[in-house]
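Novice: Pasting final01.txt here (compact mmCIF, C-alpha atoms):
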# COMPACT_ATOMS: atom_id res chain seq x y z
CA MET A 210 -147.56 -36.54 -15.95
CA LEU A 211 -151.17 -35.49 -15.33
CA GLN A 212 -153.63 -37.65 -13.42
CA ASN A 213 -157.42 -37.73 -13.69
CA GLY A 214 -158.91 -34.57 -12.26
CA ASP A 215 -155.77 -32.50 -12.78
CA THR A 216 -155.92 -29.31 -14.74
CA PRO A 217 -155.37 -30.20 -18.45
CA VAL A 218 -152.26 -28.88 -20.08
CA VAL A 219 -152.90 -26.55 -22.96
CA GLY A 220 -151.28 -28.15 -25.99
CA MET A 221 -152.01 -25.40 -28.57
CA PRO A 222 -151.58 -22.00 -26.96
CA GLU A 223 -151.71 -20.40 -30.39
CA MET A 224 -155.46 -20.97 -30.39
CA GLN A 225 -155.85 -18.84 -27.27
CA ASP A 226 -154.82 -15.36 -26.41
CA SER A 227 -152.04 -14.59 -23.98
CA ALA A 228 -154.43 -13.99 -21.06
CA SER A 229 -156.06 -17.42 -21.33
CA PHE A 230 -152.66 -19.03 -21.76
CA LEU A 231 -151.37 -17.44 -18.54
CA GLU A 232 -154.62 -18.47 -16.77
CA SER A 233 -154.04 -22.07 -17.81
CA LEU A 234 -150.63 -22.05 -16.16
CA LYS A 235 -152.12 -21.40 -12.72
CA GLY A 236 -152.24 -24.43 -10.46
CA MET A 237 -149.51 -26.24 -12.37
CA GLY A 238 -146.31 -27.44 -10.89
CA PHE A 239 -142.97 -25.97 -11.85
CA ASP A 240 -142.09 -28.92 -14.05
CA GLU A 241 -145.43 -28.73 -15.82
CA VAL A 242 -145.06 -24.99 -16.43
CA VAL A 243 -141.57 -25.48 -17.84
CA ALA A 244 -142.76 -28.31 -20.08
CA THR A 245 -145.74 -26.31 -21.34
CA VAL A 246 -143.71 -23.20 -22.03
CA THR A 247 -140.98 -25.26 -23.71
CA ASN A 248 -143.51 -27.04 -25.94
CA SER A 249 -145.06 -23.67 -26.81
CA LEU A 250 -141.69 -22.12 -27.68
CA ILE A 251 -140.72 -25.14 -29.78
CA SER A 252 -144.06 -25.03 -31.57
CA PHE A 253 -143.73 -21.27 -32.19
CA GLY A 254 -140.11 -21.70 -33.31
CA LEU A 255 -141.14 -24.34 -35.85
CA ARG A 256 -143.95 -22.11 -37.14
CA LEU A 257 -141.54 -19.18 -37.32
CA MET A 258 -139.04 -21.24 -39.33
CA VAL A 259 -141.80 -22.40 -41.69
CA ALA A 260 -143.04 -18.80 -42.04
CA ILE A 261 -139.51 -17.56 -42.87
CA LEU A 262 -139.08 -20.39 -45.38
CA VAL A 263 -142.45 -19.63 -46.98
CA PHE A 264 -141.60 -15.93 -47.12
CA TYR A 265 -138.33 -16.48 -48.99
CA VAL A 266 -139.87 -19.08 -51.28
CA GLY A 267 -142.73 -16.65 -51.91
CA ARG A 268 -140.26 -13.87 -52.73
CA PHE A 269 -138.55 -16.16 -55.22
CA LEU A 270 -141.85 -17.11 -56.84
CA ILE A 271 -142.94 -13.46 -56.97
CA SER A 272 -139.72 -12.50 -58.72
CA ARG A 273 -140.23 -15.34 -61.23
CA ILE A 274 -143.85 -14.29 -61.84
CA PHE A 275 -142.75 -10.68 -62.17
CA LYS A 276 -140.12 -11.60 -64.77
CA THR A 277 -142.62 -13.79 -66.64
CA VAL A 278 -145.21 -11.01 -66.79
CA PHE A 279 -142.51 -8.56 -67.86
CA SER A 280 -141.39 -10.95 -70.61
CA VAL A 281 -144.95 -11.41 -71.87
CA LEU A 282 -145.61 -7.67 -71.92
CA THR A 283 -142.32 -7.06 -73.73
CA LYS A 284 -142.88 -9.76 -76.37
CA ARG A 285 -146.40 -8.50 -77.07
CA ARG A 286 -145.04 -4.94 -77.33
CA ILE A 287 -147.46 -3.59 -74.76
CA ASP A 288 -147.18 0.16 -74.25
CA ALA A 289 -144.41 0.95 -71.77
CA SER A 290 -146.72 3.16 -69.72
CA LEU A 291 -149.22 0.33 -69.22
CA SER A 292 -146.44 -2.18 -68.60
CA THR A 293 -144.93 -0.27 -65.68
CA PHE A 294 -148.38 0.25 -64.18
CA VAL A 295 -149.32 -3.45 -64.47
CA LEU A 296 -145.97 -4.61 -63.10
CA SER A 297 -146.30 -2.34 -60.06
CA LEU A 298 -149.84 -3.62 -59.43
CA VAL A 299 -148.78 -7.26 -59.76
CA ARG A 300 -145.85 -6.84 -57.38
CA ILE A 301 -147.88 -5.08 -54.68
CA SER A 302 -150.79 -7.58 -54.92
CA LEU A 303 -148.53 -10.64 -54.71
CA TYR A 304 -146.63 -9.29 -51.72
CA PHE A 305 -149.91 -8.53 -49.96
CA PHE A 306 -151.09 -12.15 -50.37
CA LEU A 307 -147.69 -13.43 -49.26
CA ILE A 308 -147.87 -11.40 -46.04
CA ILE A 309 -151.39 -12.77 -45.38
CA ILE A 310 -150.08 -16.34 -45.79
CA VAL A 311 -147.08 -15.75 -43.51
CA ILE A 312 -149.30 -14.22 -40.81
CA GLY A 313 -151.61 -17.25 -41.03
CA ILE A 314 -148.67 -19.62 -40.56
CA LEU A 315 -147.61 -17.71 -37.44
CA GLY A 316 -150.99 -18.50 -35.89
CA VAL A 317 -152.80 -15.22 -36.36
CA GLU A 318 -156.38 -15.69 -37.51
CA THR A 319 -156.29 -14.44 -41.11
CA SER A 320 -160.05 -13.93 -41.35
CA SER A 321 -159.90 -11.64 -38.34
CA PHE A 322 -156.89 -9.88 -39.83
CA ILE A 323 -158.67 -9.36 -43.14
CA ALA A 324 -161.75 -8.08 -41.31
CA ILE A 325 -159.60 -5.66 -39.33
CA PHE A 326 -157.83 -4.63 -42.52
CA ALA A 327 -161.17 -4.04 -44.26
CA SER A 328 -162.58 -2.05 -41.38
CA ALA A 329 -159.43 0.00 -41.17
CA GLY A 330 -159.55 0.50 -44.90
CA MET A 331 -162.19 3.18 -44.58
CA ALA A 332 -160.14 5.17 -42.11
CA VAL A 333 -156.95 4.66 -44.09
CA GLY A 334 -158.78 5.60 -47.28
CA MET A 335 -159.95 8.85 -45.76
CA ALA A 336 -156.49 9.56 -44.42
CA LEU A 337 -154.91 8.70 -47.76
CA SER A 338 -157.50 10.33 -49.98
CA GLY A 339 -154.73 12.08 -51.87
CA THR A 340 -152.97 8.76 -52.52
CA LEU A 341 -156.19 7.17 -53.81
CA GLN A 342 -156.70 10.21 -56.00
CA ASN A 343 -153.23 9.64 -57.42
CA PHE A 344 -154.10 5.99 -58.10
CA ALA A 345 -157.29 7.02 -59.91
CA GLY A 346 -155.28 9.62 -61.81
CA GLY A 347 -152.83 6.94 -62.92
CA VAL A 348 -155.68 4.80 -64.24
CA LEU A 349 -157.09 7.78 -66.15
CA ILE A 350 -153.67 8.56 -67.64
CA LEU A 351 -153.31 4.98 -68.88
CA LEU A 352 -156.83 4.97 -70.34
CA LEU A 353 -156.87 8.43 -71.94
CA LYS A 354 -153.13 8.45 -72.81
CA PRO A 355 -152.42 12.21 -72.70
CA TYR A 356 -148.78 11.09 -72.67
CA LYS A 357 -146.78 7.88 -72.60
CA VAL A 358 -143.32 6.75 -71.65
CA GLY A 359 -140.76 8.44 -73.89
CA ASP A 360 -142.84 11.55 -74.60
CA PHE A 361 -141.32 14.99 -74.07
CA ILE A 362 -143.82 17.01 -72.02
CA GLU A 363 -144.17 20.25 -70.11
CA VAL A 364 -146.36 20.15 -66.99
CA GLN A 365 -146.50 21.91 -63.62
CA GLY A 366 -143.55 24.09 -64.59
CA PHE A 367 -141.30 21.11 -65.40
CA THR A 368 -140.12 20.02 -68.84
CA GLY A 369 -138.64 16.62 -69.57
CA THR A 370 -139.02 13.10 -70.95
CA VAL A 371 -141.48 10.70 -69.30
CA LYS A 372 -139.39 7.91 -67.75
CA SER A 373 -142.11 5.82 -66.12
CA ILE A 374 -145.79 5.93 -65.14
CA GLN A 375 -146.22 4.21 -61.77
CA LEU A 376 -149.24 3.48 -59.58
CA PHE A 377 -149.26 6.84 -57.86
CA ASN A 378 -146.58 8.94 -59.57
CA THR A 379 -145.10 9.81 -62.92
CA VAL A 380 -141.33 10.21 -63.21
CA ILE A 381 -139.90 12.58 -65.82
CA ASN A 382 -136.26 13.29 -66.60
CA THR A 383 -135.36 16.91 -67.33
CA VAL A 384 -132.92 17.85 -70.07
CA ASP A 385 -130.14 18.11 -67.45
CA ASN A 386 -131.06 14.59 -66.21
CA LYS A 387 -132.87 15.45 -63.00
CA ALA A 388 -135.62 13.01 -61.98
CA ILE A 389 -138.88 14.82 -61.16
CA ILE A 390 -141.60 12.77 -59.42
CA LEU A 391 -145.09 14.18 -59.95
CA PRO A 392 -148.34 12.81 -58.45
CA ASN A 393 -150.75 11.32 -61.00
CA GLY A 394 -153.76 13.00 -59.40
CA VAL A 395 -152.43 16.44 -60.24
CA LEU A 396 -151.29 15.42 -63.73
CA SER A 397 -154.69 13.94 -64.65
CA THR A 398 -156.34 17.34 -64.10
CA SER A 399 -153.51 19.62 -65.26
CA SER A 400 -152.81 21.24 -68.60
CA ILE A 401 -150.10 19.21 -70.33
CA ASN A 402 -147.99 20.37 -73.25
CA ASN A 403 -146.99 17.18 -75.07
CA TYR A 404 -144.30 17.98 -77.61
CA SER A 405 -144.18 14.37 -78.84
CA LEU A 406 -147.86 13.95 -79.60
CA GLU A 407 -147.66 15.35 -83.13
CA ASP A 408 -145.26 13.89 -85.69
CA TYR A 409 -144.53 17.24 -87.41
CA ARG A 410 -143.85 20.66 -85.90
CA ARG A 411 -143.19 24.17 -87.18
CA VAL A 412 -139.79 25.75 -86.50
CA ASP A 413 -139.61 29.55 -86.18
CA TRP A 414 -136.55 31.80 -86.53
CA THR A 415 -136.17 35.57 -86.22
CA VAL A 416 -133.46 37.26 -88.29
CA SER A 417 -132.58 40.95 -87.87
CA LEU A 418 -130.94 42.81 -90.77
CA SER A 419 -129.84 46.40 -91.25
CA TYR A 420 -132.08 49.13 -92.61
CA GLY A 421 -131.62 49.59 -96.33
CA THR A 422 -131.53 45.83 -96.97
CA ASP A 423 -133.14 44.65 -100.22
CA LEU A 424 -136.24 42.88 -98.87
CA GLU A 425 -136.81 40.55 -101.81
CA ALA A 426 -133.15 39.56 -102.01
CA ALA A 427 -133.05 38.86 -98.26
CA LYS A 428 -136.24 36.77 -98.39
CA ALA A 429 -134.95 34.81 -101.38
CA ALA A 430 -131.64 34.14 -99.63
CA MET A 431 -133.28 32.86 -96.45
CA LEU A 432 -135.73 30.69 -98.40
CA ASP A 433 -132.82 29.23 -100.32
CA ILE A 434 -131.05 28.33 -97.07
CA VAL A 435 -134.19 26.71 -95.62
CA ASN A 436 -135.07 24.75 -98.77
CA SER A 437 -131.50 23.47 -99.17
CA ASP A 438 -131.89 21.44 -95.97
CA SER A 439 -133.47 18.01 -96.63
CA ARG A 440 -135.10 17.95 -93.21
CA THR A 441 -137.60 20.69 -94.04
CA VAL A 442 -140.99 20.02 -95.65
CA ARG A 443 -141.11 21.46 -99.16
CA HIS A 444 -144.88 21.65 -99.70
CA PHE A 445 -146.98 18.89 -98.10
CA ILE A 446 -146.37 16.61 -95.16
CA GLU A 447 -147.63 13.61 -97.16
CA ASP A 448 -144.92 14.21 -99.76
CA ASP A 449 -142.32 14.44 -97.03
CA ILE A 450 -143.51 11.11 -95.59
CA ALA A 451 -143.22 9.47 -99.04
CA TYR A 452 -139.73 10.94 -99.47
CA ARG A 453 -138.55 9.65 -96.11
CA GLU A 454 -140.02 6.22 -96.89
CA ARG A 455 -137.98 6.09 -100.09
CA VAL A 456 -134.85 7.12 -98.19
CA ALA A 457 -135.51 4.48 -95.54
CA GLU A 458 -136.14 1.86 -98.22
CA GLU A 459 -132.91 2.62 -100.07
CA LYS A 460 -130.96 2.60 -96.81
CA TYR A 461 -132.45 -0.76 -95.83
CA ARG A 462 -131.70 -2.26 -99.26
CA THR A 463 -128.09 -1.09 -98.96
CA GLU A 464 -127.65 -2.47 -95.43
CA HIS A 465 -129.54 -5.74 -96.14
CA PRO A 466 -128.58 -6.91 -99.64
CA GLY A 467 -130.39 -9.96 -100.95
CA GLU A 468 -133.51 -9.45 -98.86
CA GLU A 469 -135.79 -9.52 -101.93
CA GLU A 470 -134.20 -12.73 -103.20
CA LYS A 471 -134.94 -14.41 -99.89
CA VAL A 472 -138.57 -13.37 -100.10
CA GLU A 473 -138.87 -14.44 -103.76
CA LYS A 474 -137.75 -17.97 -102.83
CA GLN A 475 -140.79 -18.37 -100.58
CA GLY A 476 -144.00 -20.03 -101.68
CA PHE A 477 -146.72 -18.40 -103.75
CA PHE A 478 -148.97 -17.56 -100.81
CA SER A 479 -146.06 -16.23 -98.77
CA ARG A 480 -145.09 -13.90 -101.62
CA LEU A 481 -148.74 -12.96 -102.08
CA PHE A 482 -149.12 -11.76 -98.51
CA HIS A 483 -145.51 -10.63 -97.97
CA HIS A 484 -144.59 -8.47 -100.92
CA PRO A 485 -140.83 -7.78 -100.76
CA ARG A 486 -141.04 -4.04 -101.34
CA LYS A 487 -143.88 -3.66 -98.85
CA LYS A 488 -141.94 -5.70 -96.28
CA ILE A 489 -138.78 -3.64 -96.81
CA ILE A 490 -140.69 -0.37 -96.41
CA GLU A 491 -142.34 -1.61 -93.20
CA VAL A 492 -139.09 -2.83 -91.66
CA ALA A 493 -137.13 0.24 -92.73
CA ALA A 494 -139.77 2.62 -91.43
CA ASP A 495 -140.01 0.80 -88.11
CA SER A 496 -136.25 0.65 -87.63
CA SER A 497 -135.12 4.09 -88.72
CA LEU A 498 -138.02 6.58 -88.74
CA ASP A 499 -141.00 7.24 -86.52
CA MET A 500 -143.53 7.60 -89.34
CA PRO A 501 -147.04 8.87 -88.73
CA VAL A 502 -149.78 6.52 -89.90
CA ALA A 503 -151.96 9.14 -91.55
CA ILE A 504 -152.47 12.90 -91.78
CA PRO A 505 -156.12 14.07 -91.55
CA GLN A 506 -155.94 16.56 -94.42
CA LYS A 507 -153.48 17.92 -96.92
CA VAL A 508 -152.28 21.38 -95.88
CA ASP A 509 -149.61 23.43 -97.63
CA ARG A 510 -146.53 23.63 -95.41
CA THR A 511 -144.23 25.57 -97.76
CA PRO A 512 -141.45 27.48 -95.91
CA PHE A 513 -142.32 31.12 -95.33
CA VAL A 514 -140.28 34.31 -94.85
CA GLY A 515 -141.91 37.64 -94.00
CA LEU A 516 -141.10 41.04 -92.56
CA SER A 517 -142.23 40.85 -88.96
CA GLU A 518 -141.14 44.11 -87.37
CA MET A 519 -139.35 47.40 -88.06
CA GLY A 520 -137.36 47.84 -84.88
CA ASP A 521 -135.32 50.72 -83.54
CA SER A 522 -132.09 49.55 -85.16
CA ALA A 523 -133.09 46.69 -87.50
CA ILE A 524 -135.75 45.17 -89.68
CA VAL A 525 -136.84 41.81 -88.28
CA PHE A 526 -137.75 38.87 -90.50
CA VAL A 527 -139.63 35.77 -89.34
CA VAL A 528 -138.73 32.46 -90.98
CA ARG A 529 -141.05 29.45 -90.65
CA ALA A 530 -140.56 25.87 -91.82
CA TRP A 531 -142.08 22.47 -90.95
CA THR A 532 -140.09 19.38 -90.06
CA HIS A 533 -140.44 16.00 -88.39
CA SER A 534 -140.51 16.34 -84.59
CA SER A 535 -137.31 14.33 -84.22
CA ASN A 536 -135.47 16.98 -86.28
CA TYR A 537 -136.85 20.05 -84.49
CA TRP A 538 -133.87 21.13 -82.38
CA PRO A 539 -131.10 19.95 -84.75
CA LEU A 540 -132.72 21.88 -87.59
CA TYR A 541 -133.25 24.95 -85.41
CA PHE A 542 -129.62 25.23 -84.30
CA ASP A 543 -128.11 24.26 -87.67
CA LEU A 544 -130.07 26.88 -89.59
CA ASN A 545 -129.32 29.52 -86.96
CA GLU A 546 -125.63 29.01 -87.73
CA ARG A 547 -126.23 29.01 -91.47
CA PHE A 548 -128.22 32.26 -91.31
CA TYR A 549 -125.34 33.93 -89.49
CA THR A 550 -122.57 32.71 -91.78
CA GLU A 551 -124.21 32.52 -95.21
CA LEU A 552 -126.16 35.79 -95.06
CA GLN A 553 -122.94 37.65 -94.35
CA GLN A 554 -121.26 35.86 -97.25
CA ARG A 555 -124.09 37.11 -99.51
CA GLY A 556 -123.53 40.72 -98.50
CA PHE A 557 -126.16 41.19 -95.79
CA SER A 558 -125.24 42.81 -92.48
CA PHE A 559 -126.53 42.31 -88.96
CA PRO A 560 -127.09 45.57 -87.05
CA PHE A 561 -126.49 46.36 -83.43
CA PRO A 562 -128.28 48.87 -81.19
CA GLN A 563 -127.27 52.44 -82.09
CA LEU A 564 -127.78 55.75 -80.35
CA ASP A 565 -127.35 59.11 -82.08
CA VAL A 566 -126.21 61.92 -79.80
CA HIS A 567 -126.65 65.57 -80.95
CA LEU A 568 -124.73 68.31 -79.13
CA ASP A 569 -126.24 71.79 -78.91
CA ARG A 570 -123.26 74.18 -79.35
CA THR A 571 -125.33 77.29 -78.55
CA VAL A 572 -125.21 76.59 -74.85
What is this file in structure tokens?
Specialist:
Amino acid sequence: MLQNGDTPVVGMPEMQDSASFLESLKGMGFDEVVATVTNSLISFGLRLMVAILVFYVGRFLISRIFKTVFSVLTKRRIDASLSTFVLSLVRISLYFFLIIIVIGILGVETSSFIAIFASAGMAVGMALSGTLQNFAGGVLILLLKPYKVGDFIEVQGFTGTVKSIQLFNTVINTVDNKAIILPNGVLSTSSINNYSLEDYRRVDWTVSLSYGTDLEAAKAAMLDIVNSDSRTVRHFIEDDIAYRERVAEEKYRTEHPGEEEKVEKQGFFSRLFHHPRKKIIEVAADSSLDMPVAIPQKVDRTPFVGLSEMGDSAIVFVVRAWTHSSNYWPLYFDLNERFYTELQQRGFSFPFPQLDVHLDRTV
């Protein structure tokens, strides 16, 4: 126990640095040193336990906040690209504040830590200029929307479906299910081929037939094959949209019988603003087809067949037809098979490379 004039015992060593704490131990007796160190260890142990408890409670709260934000973004149908970006930003920000709180509980001066962090920010920013560029690129991608989650794109020599847009990177899955991670900074300044941006695309085929083929008969046969497929646009894209709406409406009526009766039983104002046919078209279109909202102008998209080339062993036809983007590859492969089988059934032949050899018998 200390008497008047004795060196005071330091009760809160966390408020001093290690050098001053060791200086305060000089001149003390062994029992006093043991008591001081013991009190300090007990105090630090209690702070450490509180810090660990706060850390795990903070992790639990962060996970709950993360799930709440995710639920809100999902219910409001926020774009998936923006959702992943916001969720990454929320998680990183909350964990940063949690670490600041835990460090403060351990006795480290948080204001000094923040000042050190801010001063080091310049150096870290210069060292991580590429990372900051990727962050800025991610913001630009979310604002300008050159692509979004689910789009099929080709960029930097890679082709695949956009899986997620994160703070610094974009993840795409190739057709053979390889995950490619690309920095956002490069993507924001690169040329991007977005196959999903337009709702309708043109499909091209090349068909080689033997010399001596009746051109008009061959063209008529190929046009007949193309037009017999319901996935091709006959004349105008607008007409194709109306046709697919009718198909979607009939399908929805078949799968949901009695939907109109339910709507008709509603009040006058409900029926006024929720016309049954309009509601069925909207629901059917949303559930079964990715319909475009509007087409800028009406352009003739009639299927076309023309003689493209007179090759060494064959005459080459080009066949062009328009279809909805979701039908591009199925239509391409299906009609390839039909050209091969049905053209032969109609009497047309496919040539193969030939070489005529003439022997000089005078030698």
Novice: Any chance you could work out the axis-aligned box around segment 523-536 of chain A, listed atoms only, 5 Å on each side, giving centre and edge lengths in Å to one decimal, as lines of an AutoDock Vina configuration file?
Specialist:
center_x = -137.6
center_y = 30.5
center_z = -88.0
size_x = 19.0
size_y = 42.4
size_z = 17.6
Novice: Of the residues A:Val412, A:Ile434, A:Ala429, A:Val514, which is the one nearest to Ser534 of chain A, using all atoms listed in the file?
Specialist: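 Comparing A:Val412, A:Ile434, A:Ala429, A:Val514 against Ser534 of chain A, the winner is A:Val412.
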Novice: Could you work out how far atom CA of Ser373 of chain A lies from atom CA of Leu353 of chain A, giving the answer in Å with one decimal?
Specialist: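 Computing it gives 16.1 Å between the two atoms.
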Novice: Which residue, A:Glu458, A:Glu447, A:Asp385, A:Glu464, has the smallest gap to Phe367 of chain A when you use all atoms listed in the file?
Specialist: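 Of all the options, A:Asp385 lies closest to Phe367 of chain A.
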Novice: For a test of reading the model, state the distance in Å between atom CA of Asn393 of chain A and atom CA of Gly346 of chain A, rounded to one decimal.
Specialist: 4.9 Å
Novice: Between A:Val416, A:Val263, A:Leu255, A:Ile309, which residue has the minimum interatomic distance to Ala430 of chain A, considering all atoms listed in the file?
Specialist: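 Between A:Val416, A:Val263, A:Leu255, A:Ile309, the residue approaching Ala430 of chain A most closely is A:Val416.
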Novice: Looking at A:Gly556, A:Met258, A:Thr571, A:Ile251, which one is nearest to Ala426 of chain A, with distances taken over only C-alpha atoms?
Specialist: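 Closest to Ala426 of chain A, using only C-alpha atoms: A:Gly556.
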Novice: Taking 6 positions as the minimum chain separation for residues in the same chain, which residues sit within 12 Å of Ala530 of chain A when counting all atoms listed in the file? Answer as an mmCIF file with C-alpha atoms, in the frame of the given file.
Specialist:
data_model
loop_
_atom_site.group_PDB
_atom_site.id
_atom_site.type_symbol
_atom_site.label_atom_id
_atom_site.label_comp_id
_atom_site.auth_asym_id
_atom_site.auth_seq_id
_atom_site.Cartn_x
_atom_site.Cartn_y
_atom_site.Cartn_z
ATOM 1 C CA TYR A 409 -144.530 17.240 -87.410
ATOM 2 C CA ARG A 410 -143.850 20.660 -85.900
ATOM 3 C CA ARG A 411 -143.190 24.170 -87.180
ATOM 4 C CA VAL A 412 -139.790 25.750 -86.500
ATOM 5 C CA ASP A 413 -139.610 29.550 -86.180
ATOM 6 C CA TRP A 414 -136.550 31.800 -86.530
ATOM 7 C CA MET A 431 -133.280 32.860 -96.450
ATOM 8 C CA LEU A 432 -135.730 30.690 -98.400
ATOM 9 C CA ASP A 433 -132.820 29.230 -100.320
ATOM 10 C CA ILE A 434 -131.050 28.330 -97.070
ATOM 11 C CA VAL A 435 -134.190 26.710 -95.620
ATOM 12 C CA ASN A 436 -135.070 24.750 -98.770
ATOM 13 C CA SER A 437 -131.500 23.470 -99.170
ATOM 14 C CA ASP A 438 -131.890 21.440 -95.970
ATOM 15 C CA SER A 439 -133.470 18.010 -96.630
ATOM 16 C CA ARG A 440 -135.100 17.950 -93.210
ATOM 17 C CA THR A 441 -137.600 20.690 -94.040
ATOM 18 C CA VAL A 442 -140.990 20.020 -95.650
ATOM 19 C CA ARG A 443 -141.110 21.460 -99.160
ATOM 20 C CA HIS A 444 -144.880 21.650 -99.700
ATOM 21 C CA PHE A 445 -146.980 18.890 -98.100
ATOM 22 C CA ILE A 446 -146.370 16.610 -95.160
ATOM 23 C CA ASP A 509 -149.610 23.430 -97.630
ATOM 24 C CA ARG A 510 -146.530 23.630 -95.410
ATOM 25 C CA THR A 511 -144.230 25.570 -97.760
ATOM 26 C CA PRO A 512 -141.450 27.480 -95.910
ATOM 27 C CA PHE A 513 -142.320 31.120 -95.330
ATOM 28 C CA VAL A 514 -140.280 34.310 -94.850
ATOM 29 C CA ASN A 536 -135.470 16.980 -86.280
ATOM 30 C CA TYR A 537 -136.850 20.050 -84.490
ATOM 31 C CA LEU A 540 -132.720 21.880 -87.590
ATOM 32 C CA TYR A 541 -133.250 24.950 -85.410
ATOM 33 C CA LEU A 544 -130.070 26.880 -89.590
#
Novice: Pick out the closest residue to Phe561 of chain A from this set: A:Asn545, A:Ser399, A:Ser417, A:Ser280. Count all atoms listed in the file.
Specialist: A:Ser417
Novice: Segment 400-406 of chain A: which residues within 8 Å, counting all atoms listed in the file, same-chain residues fewer than 3 positions away excluded, as a list in words?
Specialist: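 Residues near the query, excluding close chain neighbours: Pro355, Tyr356, Asp360, Phe361, Ile362, Glu363, Val364, Leu396 and Ser534 of chain A.
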Novice: Within 9 Å of Val395 of chain A, counting only C-alpha atoms, which residues qualify if same-chain residues fewer than 3 places away don't, as a ChimeraX atom specification?
Specialist: /A:342-343,346,365,391-392,398-399
